[in-house]
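**Q** Next up, protein.tsv (TSV, C-alpha atoms).
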```
chain	number	residue	atom	x	y	z
P	32	MET	CA	-20.48	19.08	-1.01
P	33	THR	CA	-21.46	15.65	0.28
P	34	LYS	CA	-25.12	15.14	1.17
P	35	LYS	CA	-24.37	13.72	4.61
P	36	PRO	CA	-21.32	13.53	6.88
P	37	LEU	CA	-18.76	10.96	5.77
P	38	LYS	CA	-18.02	8.97	8.90
P	39	ILE	CA	-14.51	7.54	9.04
P	40	ALA	CA	-12.16	5.59	11.26
P	41	VAL	CA	-8.38	5.83	11.09
P	42	LEU	CA	-6.49	2.78	12.32
P	43	GLY	CA	-2.89	3.82	12.90
P	44	SER	CA	-3.83	7.46	13.39
P	45	THR	CA	-0.66	8.30	15.33
P	46	GLY	CA	1.73	7.08	12.63
P	47	SER	CA	3.07	9.08	9.71
P	48	LEU	CA	0.30	8.12	7.28
P	49	GLY	CA	-2.38	8.46	9.94
P	50	GLN	CA	-1.28	12.00	10.70
P	51	THR	CA	-1.28	12.79	6.97
P	52	ILE	CA	-4.86	11.53	6.69
P	53	LEU	CA	-5.95	13.77	9.55
P	54	SER	CA	-4.10	16.74	8.04
P	55	VAL	CA	-5.98	16.25	4.77
P	56	ILE	CA	-9.27	16.33	6.63
P	57	ASP	CA	-8.14	19.50	8.37
P	58	SER	CA	-7.34	21.14	5.02
P	59	ILE	CA	-10.64	20.52	3.21
P	60	ASN	CA	-13.96	22.25	3.58
P	61	GLU	CA	-16.08	19.11	3.53
P	62	ASP	CA	-18.28	17.33	6.04
P	63	VAL	CA	-16.05	14.51	7.27
P	64	GLN	CA	-16.67	13.16	10.76
P	65	ILE	CA	-13.94	11.21	12.55
P	66	VAL	CA	-15.76	8.51	14.52
P	67	GLY	CA	-12.87	6.24	15.46
P	68	LEU	CA	-9.11	6.43	16.00
P	69	GLY	CA	-6.68	3.62	16.66
P	70	THR	CA	-3.03	3.41	17.70
P	71	GLY	CA	-0.45	0.79	18.45
P	72	SER	CA	1.08	2.30	21.57
P	73	ASN	CA	1.39	6.09	21.14
P	74	ILE	CA	-1.27	6.93	23.69
P	75	ASP	CA	0.06	10.44	24.36
P	76	LEU	CA	-0.52	11.51	20.76
P	77	LEU	CA	-3.82	9.63	20.62
P	78	GLU	CA	-5.04	11.66	23.61
P	79	LYS	CA	-4.27	14.88	21.73
P	80	GLN	CA	-6.09	13.60	18.66
P	81	VAL	CA	-9.11	12.63	20.73
P	82	GLU	CA	-9.21	16.09	22.26
P	83	LYS	CA	-9.10	17.67	18.80
P	84	TYR	CA	-11.43	15.39	16.82
P	85	ASN	CA	-13.77	14.10	19.53
P	86	PRO	CA	-14.28	10.54	18.19
P	87	SER	CA	-16.71	8.18	19.89
P	88	MET	CA	-14.32	5.18	19.78
P	89	VAL	CA	-10.62	4.49	20.22
P	90	SER	CA	-8.58	1.33	19.84
P	91	ILE	CA	-5.21	0.70	21.52
P	92	ALA	CA	-3.14	-2.35	20.65
P	93	HIS	CA	-0.56	-1.98	23.44
P	94	GLY	CA	-1.36	-0.06	26.60
P	95	ARG	CA	-4.42	1.31	28.36
P	96	TRP	CA	-6.55	4.40	28.03
P	97	GLN	CA	-6.12	6.33	31.28
P	98	LYS	CA	-8.70	9.11	31.01
P	99	GLU	CA	-12.37	8.57	31.70
P	100	SER	CA	-14.91	10.01	29.26
P	101	LYS	CA	-18.66	9.61	29.00
P	102	ASN	CA	-18.59	10.05	25.23
P	103	LEU	CA	-15.67	7.74	24.41
P	104	THR	CA	-15.59	3.95	24.20
P	105	VAL	CA	-12.40	1.88	24.11
P	106	VAL	CA	-12.86	-0.99	21.67
P	107	THR	CA	-10.81	-3.62	19.88
P	108	ALA	CA	-9.38	-2.92	16.44
P	109	LYS	CA	-11.87	-5.39	14.99
P	110	ASP	CA	-14.81	-3.61	16.62
P	111	LEU	CA	-13.46	-0.27	15.41
P	112	VAL	CA	-13.16	-1.24	11.73
P	113	THR	CA	-16.48	-3.11	11.64
P	114	SER	CA	-18.58	-0.57	13.54
P	115	PRO	CA	-21.96	0.16	11.89
P	116	ASP	CA	-21.35	3.86	12.63
P	117	ILE	CA	-18.48	4.03	10.10
P	118	ASP	CA	-18.64	4.46	6.32
P	119	LEU	CA	-14.94	4.41	5.42
P	120	VAL	CA	-12.01	2.80	7.22
P	121	PHE	CA	-8.47	4.07	6.72
P	122	ILE	CA	-5.91	1.33	7.33
P	123	ALA	CA	-2.81	3.39	8.12
P	124	ASN	CA	-0.91	0.85	10.22
P	125	VAL	CA	1.48	-1.81	8.96
P	126	GLY	CA	2.41	-5.41	9.63
P	127	ARG	CA	0.15	-8.25	10.67
P	128	SER	CA	-2.30	-5.96	12.43
P	129	SER	CA	-3.09	-4.29	9.12
P	130	LEU	CA	-3.69	-7.68	7.47
P	131	ARG	CA	-6.33	-8.71	9.98
P	132	ALA	CA	-7.89	-5.26	10.20
P	133	THR	CA	-8.21	-5.06	6.41
P	134	TRP	CA	-9.73	-8.51	6.25
P	135	GLU	CA	-12.26	-7.72	9.02
P	136	ALA	CA	-13.25	-4.39	7.45
P	137	VAL	CA	-13.74	-5.87	3.98
P	138	LYS	CA	-15.60	-8.87	5.40
P	139	SER	CA	-18.02	-6.50	7.14
P	140	GLY	CA	-18.66	-4.61	3.90
P	141	LYS	CA	-16.84	-1.40	4.80
P	142	ASP	CA	-15.17	0.75	2.20
P	143	VAL	CA	-11.45	0.62	2.93
P	144	ALA	CA	-8.69	3.11	2.13
P	145	LEU	CA	-5.63	0.91	2.28
P	146	GLY	CA	-2.27	2.35	3.26
P	147	ASN	CA	-0.47	-0.98	3.34
P	148	ILE	CA	-1.16	-2.17	-0.21
P	149	GLY	CA	1.13	-5.08	0.58
P	150	CYS	CA	-2.09	-6.60	1.94
P	151	LEU	CA	-3.26	-6.90	-1.66
P	152	PHE	CA	-0.04	-8.64	-2.67
P	153	ILE	CA	-0.31	-11.07	0.23
P	154	MET	CA	-4.02	-11.87	0.07
P	155	GLY	CA	-5.34	-10.19	-3.05
P	156	ASP	CA	-7.46	-13.13	-4.21
P	157	LEU	CA	-9.08	-13.45	-0.80
P	158	LEU	CA	-9.78	-9.72	-0.46
P	159	LYS	CA	-11.09	-9.46	-4.01
P	160	GLN	CA	-13.54	-12.32	-3.57
P	161	THR	CA	-14.66	-11.13	-0.14
P	162	ALA	CA	-15.18	-7.54	-1.36
P	163	LYS	CA	-17.28	-8.86	-4.23
P	164	GLU	CA	-19.49	-10.73	-1.76
P	165	THR	CA	-19.88	-7.90	0.77
P	166	GLY	CA	-19.93	-4.85	-1.53
P	167	SER	CA	-16.76	-3.38	-0.04
P	168	THR	CA	-14.65	-1.03	-2.15
P	169	ILE	CA	-10.89	-0.82	-1.61
P	170	PHE	CA	-9.09	2.45	-2.36
P	171	PRO	CA	-5.28	2.36	-2.66
P	172	LEU	CA	-3.30	4.96	-0.72
P	173	ASP	CA	-0.30	4.72	-3.04
P	174	ASP	CA	0.64	7.06	-5.87
P	175	GLU	CA	0.87	4.65	-8.80
P	176	PRO	CA	-2.16	2.40	-8.11
P	177	ALA	CA	-4.19	5.54	-7.38
P	178	GLY	CA	-3.00	6.94	-10.71
P	179	VAL	CA	-4.20	3.84	-12.55
P	180	TRP	CA	-7.48	4.04	-10.69
P	181	GLN	CA	-8.02	7.58	-12.01
P	182	THR	CA	-7.23	6.62	-15.62
P	183	LEU	CA	-9.94	3.95	-15.38
P	184	TRP	CA	-12.70	6.20	-14.05
P	185	GLY	CA	-15.63	5.83	-16.44
P	186	GLU	CA	-13.73	3.37	-18.65
P	187	ASP	CA	-14.29	-0.28	-19.58
P	188	VAL	CA	-11.31	-2.29	-18.34
P	189	ASN	CA	-11.95	-4.78	-21.15
P	190	LYS	CA	-10.91	-2.06	-23.59
P	191	VAL	CA	-7.47	-1.64	-21.97
P	192	ASP	CA	-4.44	-2.71	-24.01
P	193	GLN	CA	-1.75	-1.84	-21.49
P	194	VAL	CA	-1.22	-0.15	-18.14
P	195	THR	CA	2.11	1.50	-17.34
P	196	ILE	CA	3.31	2.64	-13.93
P	197	THR	CA	6.63	4.25	-13.16
P	198	SER	CA	9.56	3.75	-10.82
P	199	THR	CA	12.52	5.83	-9.69
P	200	TRP	CA	14.43	2.55	-9.44
P	201	GLY	CA	14.90	0.08	-12.25
P	202	THR	CA	18.31	0.52	-13.84
P	203	LEU	CA	21.75	-0.29	-12.51
P	204	ASN	CA	22.65	3.41	-12.57
P	205	SER	CA	19.56	4.28	-10.54
P	206	ARG	CA	20.61	1.98	-7.72
P	207	LYS	CA	24.26	3.01	-7.39
P	208	LEU	CA	24.99	0.59	-4.59
P	209	ARG	CA	28.45	0.77	-3.06
P	210	ASN	CA	29.62	-2.49	-1.53
P	211	HIS	CA	25.93	-3.35	-1.00
P	212	GLY	CA	25.69	-0.79	1.77
P	213	LEU	CA	22.74	1.30	2.88
P	214	LYS	CA	24.20	4.74	2.18
P	215	ALA	CA	22.96	4.82	-1.42
P	216	MET	CA	19.56	3.32	-0.66
P	217	VAL	CA	17.50	6.48	-0.56
P	218	ARG	CA	14.48	6.77	-2.80
P	219	PRO	CA	14.96	10.08	-4.63
P	220	SER	CA	11.42	11.38	-4.38
P	221	ARG	CA	10.48	10.84	-0.73
P	222	LYS	CA	12.16	10.14	2.58
P	223	VAL	CA	11.30	6.60	3.67
P	224	SER	CA	12.44	3.97	6.14
P	225	GLN	CA	15.42	1.69	5.59
P	226	ARG	CA	13.13	-1.28	4.90
P	227	ARG	CA	11.08	0.64	2.37
P	228	SER	CA	14.26	1.88	0.72
P	229	ILE	CA	15.51	-1.68	0.34
P	230	ASP	CA	12.16	-2.89	-1.04
P	231	SER	CA	12.22	0.00	-3.49
P	232	SER	CA	15.76	-0.76	-4.61
P	233	THR	CA	14.93	-4.45	-5.22
P	234	LEU	CA	11.64	-3.46	-6.94
P	235	ILE	CA	9.60	-5.53	-4.48
P	236	THR	CA	7.57	-2.36	-3.93
P	237	LYS	CA	6.80	-2.18	-7.65
P	238	ALA	CA	5.75	-5.83	-7.75
P	239	THR	CA	3.41	-5.05	-4.86
P	240	GLN	CA	1.90	-2.14	-6.80
P	241	VAL	CA	1.48	-4.28	-9.91
P	242	SER	CA	-0.37	-6.90	-7.87
P	243	ALA	CA	-2.62	-4.22	-6.33
P	244	ILE	CA	-3.58	-2.95	-9.79
P	245	HIS	CA	-4.20	-6.51	-10.95
P	246	TYR	CA	-6.52	-7.37	-8.06
P	247	LEU	CA	-8.31	-4.04	-7.72
P	248	TYR	CA	-9.02	-3.35	-11.39
P	249	ASP	CA	-8.98	-6.79	-13.05
P	250	VAL	CA	-6.02	-5.89	-15.26
P	251	PRO	CA	-4.02	-9.02	-16.20
P	252	ILE	CA	-0.47	-9.07	-14.84
P	253	ASP	CA	0.95	-9.36	-18.36
P	254	LYS	CA	-0.79	-6.10	-19.36
P	255	ILE	CA	0.94	-4.11	-16.63
P	256	ARG	CA	4.47	-2.83	-17.16
P	257	VAL	CA	6.85	-0.72	-15.10
P	258	LEU	CA	9.17	1.88	-16.62
P	259	TYR	CA	12.09	3.66	-15.00
P	260	HIS	CA	11.13	7.35	-14.73
P	261	PRO	CA	13.68	9.50	-12.86
P	262	GLU	CA	11.56	12.68	-12.80
P	263	SER	CA	8.94	10.93	-10.64
P	264	VAL	CA	5.95	12.91	-11.85
P	265	VAL	CA	4.06	10.57	-14.20
P	266	ARG	CA	2.20	8.07	-12.04
P	267	ALA	CA	0.32	6.00	-14.59
P	268	LEU	CA	-0.52	5.72	-18.27
P	269	THR	CA	-3.34	3.55	-19.59
P	270	GLU	CA	-3.58	2.72	-23.29
P	271	PHE	CA	-6.93	1.67	-24.77
P	272	HIS	CA	-7.89	-0.34	-27.85
P	273	ASP	CA	-8.27	2.77	-30.01
P	274	GLY	CA	-4.70	3.91	-29.27
P	275	SER	CA	-5.71	6.66	-26.85
P	276	VAL	CA	-3.59	7.01	-23.72
P	277	LYS	CA	-4.76	8.57	-20.45
P	278	ALA	CA	-2.05	9.71	-18.05
P	279	VAL	CA	-2.05	10.87	-14.45
P	280	LEU	CA	0.67	13.22	-13.19
P	281	SER	CA	1.23	14.22	-9.60
P	282	ASN	CA	4.10	15.05	-7.31
P	283	PRO	CA	4.96	12.48	-4.63
P	284	ASP	CA	2.35	13.47	-2.05
P	285	MET	CA	0.30	10.98	-0.05
P	286	ARG	CA	-2.37	13.63	0.38
P	287	VAL	CA	-3.48	13.07	-3.21
P	288	PRO	CA	-4.59	9.41	-2.86
P	289	VAL	CA	-5.92	10.14	0.63
P	290	GLN	CA	-8.21	12.86	-0.71
P	291	LEU	CA	-9.23	10.70	-3.67
P	292	ALA	CA	-10.43	8.03	-1.25
P	293	LEU	CA	-12.35	10.59	0.80
P	294	ALA	CA	-13.97	12.32	-2.15
P	295	TYR	CA	-14.67	9.56	-4.66
P	296	PRO	CA	-16.54	9.84	-7.00
P	297	GLU	CA	-16.20	13.61	-6.56
P	298	ARG	CA	-13.08	15.82	-6.69
P	299	TRP	CA	-12.67	18.21	-3.80
P	300	SER	CA	-10.66	21.41	-3.74
P	301	ASN	CA	-7.53	21.42	-1.63
P	302	LYS	CA	-4.97	24.20	-2.02
P	303	SER	CA	-2.48	22.47	0.29
P	304	VAL	CA	-1.72	19.68	-2.20
P	305	ASN	CA	1.68	19.93	-3.86
P	306	ARG	CA	0.72	20.58	-7.50
P	307	VAL	CA	2.59	19.70	-10.70
P	308	ASN	CA	4.35	22.55	-12.53
P	309	LEU	CA	5.22	21.32	-16.01
P	310	LEU	CA	7.49	24.27	-16.72
P	311	ASP	CA	9.57	23.50	-13.65
P	312	ILE	CA	9.87	19.87	-14.70
P	313	GLY	CA	10.85	20.77	-18.25
P	314	GLN	CA	10.88	17.23	-19.62
P	315	VAL	CA	10.09	13.65	-18.68
P	316	SER	CA	11.96	10.50	-19.66
P	317	PHE	CA	11.44	6.75	-19.51
P	318	GLN	CA	13.60	3.65	-19.77
P	319	PRO	CA	12.81	-0.08	-19.59
P	320	LEU	CA	13.63	-1.93	-16.40
P	321	GLU	CA	16.86	-3.91	-16.31
P	322	LYS	CA	14.99	-6.96	-15.04
P	323	GLU	CA	18.06	-9.18	-14.92
P	324	THR	CA	19.45	-6.84	-12.26
P	325	PHE	CA	16.26	-6.88	-10.19
P	326	SER	CA	15.37	-10.55	-9.84
P	327	CYS	CA	13.24	-10.01	-6.71
P	328	TYR	CA	10.71	-8.22	-8.92
P	329	GLU	CA	10.23	-11.25	-11.17
P	330	ILE	CA	10.11	-13.66	-8.22
P	331	ALA	CA	7.37	-11.60	-6.57
P	332	LEU	CA	5.28	-11.44	-9.74
P	333	SER	CA	5.69	-15.18	-10.26
P	334	ALA	CA	4.20	-15.64	-6.78
P	335	VAL	CA	1.15	-13.61	-7.81
P	336	ARG	CA	0.76	-15.68	-10.98
P	337	GLU	CA	0.99	-18.92	-9.00
P	338	GLY	CA	-1.55	-17.74	-6.43
P	339	PHE	CA	-2.58	-19.79	-3.39
P	340	THR	CA	-0.24	-19.00	-0.45
P	341	TYR	CA	2.78	-18.20	-2.63
P	342	PRO	CA	2.42	-14.38	-2.34
P	343	ALA	CA	2.21	-14.60	1.46
P	344	VAL	CA	5.39	-16.71	1.46
P	345	ALA	CA	7.23	-14.35	-0.90
P	346	SER	CA	6.29	-11.33	1.22
P	347	ALA	CA	7.23	-12.91	4.55
P	348	ALA	CA	10.46	-14.36	3.15
P	349	ASN	CA	11.41	-10.94	1.84
P	350	GLU	CA	10.76	-9.29	5.21
P	351	ALA	CA	12.74	-11.94	7.02
P	352	ALA	CA	15.63	-11.69	4.56
P	353	VAL	CA	15.69	-7.88	4.79
P	354	ASP	CA	15.80	-8.17	8.58
P	355	LEU	CA	18.82	-10.44	8.24
P	356	PHE	CA	20.47	-7.93	5.92
P	357	LEU	CA	19.80	-5.03	8.27
P	358	SER	CA	21.34	-7.01	11.13
P	359	GLN	CA	24.36	-7.70	8.87
P	360	GLN	CA	23.87	-11.49	8.88
P	361	ILE	CA	23.62	-11.69	5.07
P	362	GLY	CA	24.71	-9.57	2.13
P	363	PHE	CA	22.33	-7.52	0.01
P	364	THR	CA	22.50	-9.88	-2.96
P	365	GLU	CA	21.51	-12.85	-0.77
P	366	ILE	CA	17.99	-11.47	-0.21
P	367	GLN	CA	16.81	-12.74	-3.59
P	368	GLY	CA	18.23	-16.22	-3.02
P	369	LEU	CA	16.40	-16.67	0.29
P	370	ILE	CA	13.07	-15.63	-1.23
P	371	ASP	CA	13.66	-18.03	-4.12
P	372	MET	CA	14.46	-20.90	-1.74
P	373	ALA	CA	11.34	-20.27	0.32
P	374	MET	CA	9.18	-20.30	-2.79
P	375	ALA	CA	10.80	-23.53	-4.04
P	376	ASN	CA	10.31	-25.35	-0.72
P	377	HIS	CA	6.77	-24.16	0.02
P	378	ILE	CA	3.79	-26.49	-0.36
P	379	PRO	CA	0.99	-24.15	-1.51
P	380	GLN	CA	-2.40	-24.09	0.19
P	381	LYS	CA	-5.76	-22.59	-0.75
P	382	THR	CA	-6.60	-19.31	0.98
P	383	THR	CA	-10.13	-19.31	2.34
P	384	THR	CA	-9.51	-17.25	5.50
P	385	ILE	CA	-6.82	-14.95	6.81
P	386	ASP	CA	-5.58	-17.74	9.05
P	387	ASP	CA	-4.37	-19.60	5.94
P	388	ILE	CA	-2.33	-16.51	5.09
P	389	LEU	CA	-0.84	-16.19	8.56
P	390	VAL	CA	0.20	-19.85	8.68
P	391	ALA	CA	2.09	-19.44	5.39
P	392	ASP	CA	3.63	-16.22	6.71
P	393	GLU	CA	4.93	-17.98	9.83
P	394	TRP	CA	6.32	-20.88	7.80
P	395	ALA	CA	8.24	-18.56	5.46
P	396	ARG	CA	9.81	-16.56	8.29
P	397	SER	CA	10.86	-19.74	10.07
P	398	PHE	CA	12.27	-21.22	6.86
P	399	VAL	CA	14.36	-18.16	6.04
P	400	GLY	CA	15.68	-17.99	9.58
P	401	SER	CA	16.71	-21.63	9.43
P	402	GLN	CA	18.93	-20.97	6.41
P	403	VAL	CA	21.30	-18.73	8.33
P	404	PRO	CA	23.74	-20.24	10.84
P	405	ASP	CA	23.46	-18.99	14.42
```
Could you take the file, read its structure, and then write that structure out as structure tokens?

**A**
Amino acid sequence: MTKKPLKIAVLGSTGSLGQTILSVIDSINEDVQIVGLGTGSNIDLLEKQVEKYNPSMVSIAHGRWQKESKNLTVVTAKDLVTSPDIDLVFIANVGRSSLRATWEAVKSGKDVALGNIGCLFIMGDLLKQTAKETGSTIFPLDDEPAGVWQTLWGEDVNKVDQVTITSTWGTLNSRKLRNHGLKAMVRPSRKVSQRRSIDSSTLITKATQVSAIHYLYDVPIDKIRVLYHPESVVRALTEFHDGSVKAVLSNPDMRVPVQLALAYPERWSNKSVNRVNLLDIGQVSFQPLEKETFSCYEIALSAVREGFTYPAVASAANEAAVDLFLSQQIGFTEIQGLIDMAMANHIPQKTTTIDDILVADEWARSFVGSQVPD
């Protein structure tokens, strides 16, 4: 049991991840106090959450709070994530709003549970340096980085020989694309959006996870590998100098990393978590990635190695190219070429504030759009 209430804020509380975070809190017998909730525009659901959890602050990006309350203050997202009344901020929203919110929370020294780990890909150097200065700790709300995190508890990262994470994509047979359509783009282990399915199938998602592990735990990029693992139960394996390997297994369930972030450095009981049954699984298998088939993965990792504003450009170019694919303006195989072109034409800049990141983001989106005829 914690010694005092853990005071949290959930930005993006009305989205899928935000609702999962709240459901985890509902399912544990621990003293967690919800101080702040934030939404983009789903005010109807936010009102229900306020009635249930009685926070003292809410943030609304689009729209207005209609009900008057003596005990509730409507604040900006920045004020919500930097409030002195909050110990831990959950960033459960996506897009640019999550970039700035993450930056503001880390800059103010808050511990941050990060749902959009793409923030670490885009501005990992900046977040890492800022967290070091302010004492902020960033917890990843993603299965594989959270698995690596657990293998490193109590360990010296300098004694790590290799970190392995797994993917349910990574071979030509795993993708099974037909005429580069969307029908086959469904990640086997969890229902996700079209965009996430595409990023999974190109392995951009895996490059993002590799970058998160690199920035969060000081593991060199070249010591992190990804293996194709169709059973989707082994999250991470870390091999140490003495040949010992620590592994983390879990079913695809966002409640696991959410609870890890809430409980760390403790482990809380939660019977609602979907547990691993080794007898049901029977066996596990691994294969190397067919990297020549998944060139977006290598392009993304090269951006991380180059640093500066290259990761922000790679991320924005990918999003812009995927948008073009979804609107049927380009073919699936053209996504990689547009990212490559953006990287080749970009003049890198140092990243000292989030504004440097956003300028590079805007440039990349504009560049990709200019490559497609009207």

**Q** Can you list, as a count of residues only, every protein, DNA or RNA residue that comes within 10 Å of Ala334 (chain P) when you count all atoms listed in the file, leaving out same-chain residues fewer than 6 positions away?

**A** 12

**Q** Around (-19.7, 13.3, 28.3) in the file's frame, which residues reach within 12 Å when counting all atoms listed in the file? Return as a CSV table (one decimal) with C-alpha atoms, in the coordinates of the input?

**A**
```csv
chain,number,residue,atom,x,y,z
P,85,ASN,CA,-13.8,14.1,19.5
P,86,PRO,CA,-14.3,10.5,18.2
P,87,SER,CA,-16.7,8.2,19.9
P,99,GLU,CA,-12.4,8.6,31.7
P,100,SER,CA,-14.9,10.0,29.3
P,101,LYS,CA,-18.7,9.6,29.0
P,102,ASN,CA,-18.6,10.0,25.2
P,103,LEU,CA,-15.7,7.7,24.4
P,104,THR,CA,-15.6,4.0,24.2
```

**Q** What is the CA of Thr133 (chain P)-CA of Leu53 (chain P) distance in Å, reported with one decimal?

**A**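 Distance between the two atoms: 19.2 Å.
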
**Q** Record the distance separating CA of Ile65 (chain P) and CA of Lys38 (chain P), expressed in Å with one decimal.

**A** 5.9 Å

**Q** Kindly indicate which residue among P:Pro261, P:Pro404, P:Gly126, P:Pro288 lies nearest to Ala144 (chain P), using only C-alpha atoms for the distances.

**A** P:Pro288

**Q** Find the residues around Leu48 (chain P) up to 8 Å (only C-alpha atoms counted), leave out those fewer than 5 positions away in its own chain, and share them as a list in words.

**A**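 The filter keeps Gly43, Ala123, Asn124, Gly146 and Met285 of chain P.
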